[in-house]
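Before any comments, here is the structure.
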Amino acid sequence: MDTAAAEWTSSERPVGGRRHTGRSVAPWAAGLSLAGVSVVVGCRAADTDGITPVPQLLAFLPWLLVPTGFGLLLALLARWRVGMVWGVAVLGCVAWFVEPYGKTGEPGGTPLAELRVMTSNVEFGRGTDALIPVVRREKPDILFVEECEYGCSRALRDAFGGSGGAYPYREAVEGAGSDGSVIMSRFPLKAADGVRGTMGMPGAVADVRGHAVRLQLAHPMPPLPGQLDVWRRELGELRDYAAASEDPTILAGDFNASQDHAAFRRILDTGLRDGARLAGDPRTPSWPARTTPTLGAQIDHVLVSADLSADGATFPRVTGTDHRALVVDLTLHQRT
């Protein structure tokens with residue numbers, strides 16, 4: 001072999017080796033990406049929240065389209081046929097489950113009253129000062145505030161409470177840190193047993209222009225590793241509350257769960273409907289506020305019974321907290 005031929009052969013060997021290595025790595029990377037998404041999607045299809053880290057990842061299910069697309073691209077580049085079919089199948093499943101869950105439809109009865117509802121998690125009270133001007137701007141009729149500790153509760157009472165205030169009626173569970181929660185209302189409130197939980201979840205019955213409307217603040221434990229049983233149990237308590245309701249009902253707050261969690265879907269299966277979805281915003285993220293709307297999950301909800309319709313929803317920013325607030329315009333209809 002002459003010198004030129006030897007040099008040509010020597011220069012081609014490393015390139016060929018690199019190509020072989022790249023093609024061998026791509027299927028492994030594609031397989032790992034698709035396997036991880038498949039586990040999460042499999043739990044969604046099986047109507048279970050699984051174990052850590054599945055519940056945490058389910059909250060971001062729409063964004064699993066990104067690793068799925070990445071895995072499919074790697075499979076295409078590696079010409080891995082099994083991976084291509086796998087990737088297309090997983091992509092279709094994720095896209096299917098991105099579709100909103102739950103019932104829709106307008107009540108058939110005569111409209112009786114209009115009301116605006118707002119819910120806001122102020123993160124250990126840190127967002128209280130910013131919440132007050134947002135409330136003044138949005139002018140909700142009923143306000144649900146989660147993680148409203150002693151200072152927050154006092155500030156809201158000073159700003160809005162009392163006989164001459166914008167919200168003279170309130171029901172609260174006073175507490176430190178995340179334990180406190182408050183319902184404030186323009187409409188008269190009657191005390192009612194709230195749902196028991198690790199954090200405060202007060203309940204009430206509002207007199208909305210002569211019609212009784214049950215109110216329940218929702219704030220179950222988040223699905224932290226080691227706390228999944230508590231999270232499931234408290235969402236189950238909220239589900240039992242919803243199932244026992246016969247009067248018009250508003251169940252609002254920070255649910256620490258999205259429509260992709262089986263424990264939350266069981267609340268919707270009682271007949272309650274998600275106000276944001278009814279208003280055309282089924283996937284607008286409310287948490288974490290720093291990355292919304294680019295990345296996040298809708299875990300703050302206003303759920304309503306079938307005799308309430310939703311005409312609009314907005315997600316105002318409240319500085320100092322990791323949640324966006326949620327404002328929903330509702331109409332109460334006569335039952336048919």
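We label chains A, B, ... in the order they appear in the structure tokens, count residues from 1 in each chain, and number ligands from 1 in the order shown.
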
Give me, as a list in words, all polymer residues having an atom no more than 9 Å from Ala130 (chain A), counting only C-alpha atoms and skipping those fewer than 5 positions away in the same chain.
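Counting only the stated atoms, we get Val318, Thr319 and Gly320 of chain A.
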
Can you pull out every residue from region 104-284 of chain A that DSSP, working from the backbone, puts in strand (DSSP E), and format the result as a ChimeraX atom specification?
/A:111-121,142-146,169-173,181-185,189-192,203-208,211-218,249-254,273-274

Quick one: DSSP helix (DSSP H, G or I) residues in region 27-163 of chain A, as a PyMOL selection string?
chain A and resi 27-45+54-58+61-78+81-98+128-138+150-160

Separation of CA of Arg277 (chain A) and CA of Gly312 (chain A), in Å?
9.5 Å

Do you have the CA of Tyr241 (chain A)-CA of Val304 (chain A) distance handy?
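We find that CA of Tyr241 (chain A) and CA of Val304 (chain A) lie 12.6 Å from each other.
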
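Taking only C-alpha atoms into account, Leu332 (chain A) lies nearest to A:Glu114 out of the set A:Asp300, A:Asp254, A:Glu114, A:Asp247.
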
Report as a list in words all protein, DNA and RNA residues lying within 12 Å of Arg79 (chain A), evaluated on only C-alpha atoms, omitting residues in the same chain fewer than 3 positions from it.
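Here the answer would be Gly22, Arg23, Ser24, Ala26, Pro27, Ala30, Leu72, Leu73, Leu74, Ala75, Leu76, Val82, Gly83, Met84 and Val85 of chain A.
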
Can you write out the residues you just picked, keeping N, CA, C and O atoms, as a PDB file, in the first residue's frame?
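The resulting file, part_31.pdb, is shown below:
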```pdb
ATOM      1  N   GLY A  22     -21.862   7.360  17.728  1.00  0.00           N
ATOM      2  CA  GLY A  22     -23.026   8.235  17.777  1.00  0.00           C
ATOM      3  C   GLY A  22     -24.301   7.482  17.524  1.00  0.00           C
ATOM      4  O   GLY A  22     -25.317   7.700  18.188  1.00  0.00           O
ATOM      5  N   ARG A  23     -24.292   6.584  16.560  1.00  0.00           N
ATOM      6  CA  ARG A  23     -25.505   5.831  16.252  1.00  0.00           C
ATOM      7  C   ARG A  23     -25.855   4.836  17.349  1.00  0.00           C
ATOM      8  O   ARG A  23     -27.013   4.460  17.497  1.00  0.00           O
ATOM      9  N   SER A  24     -24.852   4.374  18.084  1.00  0.00           N
ATOM     10  CA  SER A  24     -25.148   3.430  19.167  1.00  0.00           C
ATOM     11  C   SER A  24     -25.677   4.142  20.412  1.00  0.00           C
ATOM     12  O   SER A  24     -26.464   3.583  21.169  1.00  0.00           O
ATOM     13  N   ALA A  26     -27.407   7.124  20.349  1.00  0.00           N
ATOM     14  CA  ALA A  26     -28.713   7.742  20.079  1.00  0.00           C
ATOM     15  C   ALA A  26     -29.895   6.858  20.474  1.00  0.00           C
ATOM     16  O   ALA A  26     -30.834   7.339  21.111  1.00  0.00           O
ATOM     17  N   PRO A  27     -29.895   5.560  20.119  1.00  0.00           N
ATOM     18  CA  PRO A  27     -31.037   4.723  20.535  1.00  0.00           C
ATOM     19  C   PRO A  27     -31.170   4.615  22.056  1.00  0.00           C
ATOM     20  O   PRO A  27     -32.289   4.592  22.584  1.00  0.00           O
ATOM     21  N   ALA A  30     -32.640   7.903  23.226  1.00  0.00           N
ATOM     22  CA  ALA A  30     -34.047   7.945  22.832  1.00  0.00           C
ATOM     23  C   ALA A  30     -34.884   7.031  23.716  1.00  0.00           C
ATOM     24  O   ALA A  30     -35.976   7.396  24.163  1.00  0.00           O
ATOM     25  N   LEU A  72     -38.122  10.979  19.953  1.00  0.00           N
ATOM     26  CA  LEU A  72     -38.514  10.604  18.590  1.00  0.00           C
ATOM     27  C   LEU A  72     -37.487  11.093  17.577  1.00  0.00           C
ATOM     28  O   LEU A  72     -37.138  10.367  16.625  1.00  0.00           O
ATOM     29  N   LEU A  73     -36.964  12.302  17.774  1.00  0.00           N
ATOM     30  CA  LEU A  73     -35.937  12.831  16.862  1.00  0.00           C
ATOM     31  C   LEU A  73     -34.678  11.975  16.898  1.00  0.00           C
ATOM     32  O   LEU A  73     -34.102  11.659  15.834  1.00  0.00           O
ATOM     33  N   LEU A  74     -34.246  11.583  18.088  1.00  0.00           N
ATOM     34  CA  LEU A  74     -33.060  10.724  18.194  1.00  0.00           C
ATOM     35  C   LEU A  74     -33.290   9.385  17.512  1.00  0.00           C
ATOM     36  O   LEU A  74     -32.393   8.842  16.863  1.00  0.00           O
ATOM     37  N   ALA A  75     -34.489   8.842  17.677  1.00  0.00           N
ATOM     38  CA  ALA A  75     -34.804   7.563  17.025  1.00  0.00           C
ATOM     39  C   ALA A  75     -34.760   7.702  15.504  1.00  0.00           C
ATOM     40  O   ALA A  75     -34.279   6.801  14.798  1.00  0.00           O
ATOM     41  N   LEU A  76     -35.231   8.819  15.001  1.00  0.00           N
ATOM     42  CA  LEU A  76     -35.181   9.057  13.550  1.00  0.00           C
ATOM     43  C   LEU A  76     -33.749   9.178  13.056  1.00  0.00           C
ATOM     44  O   LEU A  76     -33.379   8.602  12.029  1.00  0.00           O
ATOM     45  N   VAL A  82     -38.039   0.634  15.884  1.00  0.00           N
ATOM     46  CA  VAL A  82     -38.843   0.404  17.087  1.00  0.00           C
ATOM     47  C   VAL A  82     -39.030   1.716  17.849  1.00  0.00           C
ATOM     48  O   VAL A  82     -40.125   2.039  18.317  1.00  0.00           O
ATOM     49  N   GLY A  83     -37.942   2.496  17.960  1.00  0.00           N
ATOM     50  CA  GLY A  83     -38.025   3.768  18.647  1.00  0.00           C
ATOM     51  C   GLY A  83     -38.933   4.758  17.941  1.00  0.00           C
ATOM     52  O   GLY A  83     -39.630   5.543  18.586  1.00  0.00           O
ATOM     53  N   MET A  84     -38.926   4.714  16.597  1.00  0.00           N
ATOM     54  CA  MET A  84     -39.812   5.616  15.846  1.00  0.00           C
ATOM     55  C   MET A  84     -41.276   5.319  16.144  1.00  0.00           C
ATOM     56  O   MET A  84     -42.070   6.230  16.417  1.00  0.00           O
ATOM     57  N   VAL A  85     -41.632   4.036  16.096  1.00  0.00           N
ATOM     58  CA  VAL A  85     -43.016   3.644  16.381  1.00  0.00           C
ATOM     59  C   VAL A  85     -43.369   3.978  17.825  1.00  0.00           C
ATOM     60  O   VAL A  85     -44.460   4.507  18.112  1.00  0.00           O
TER      61      VAL A  85
END
```
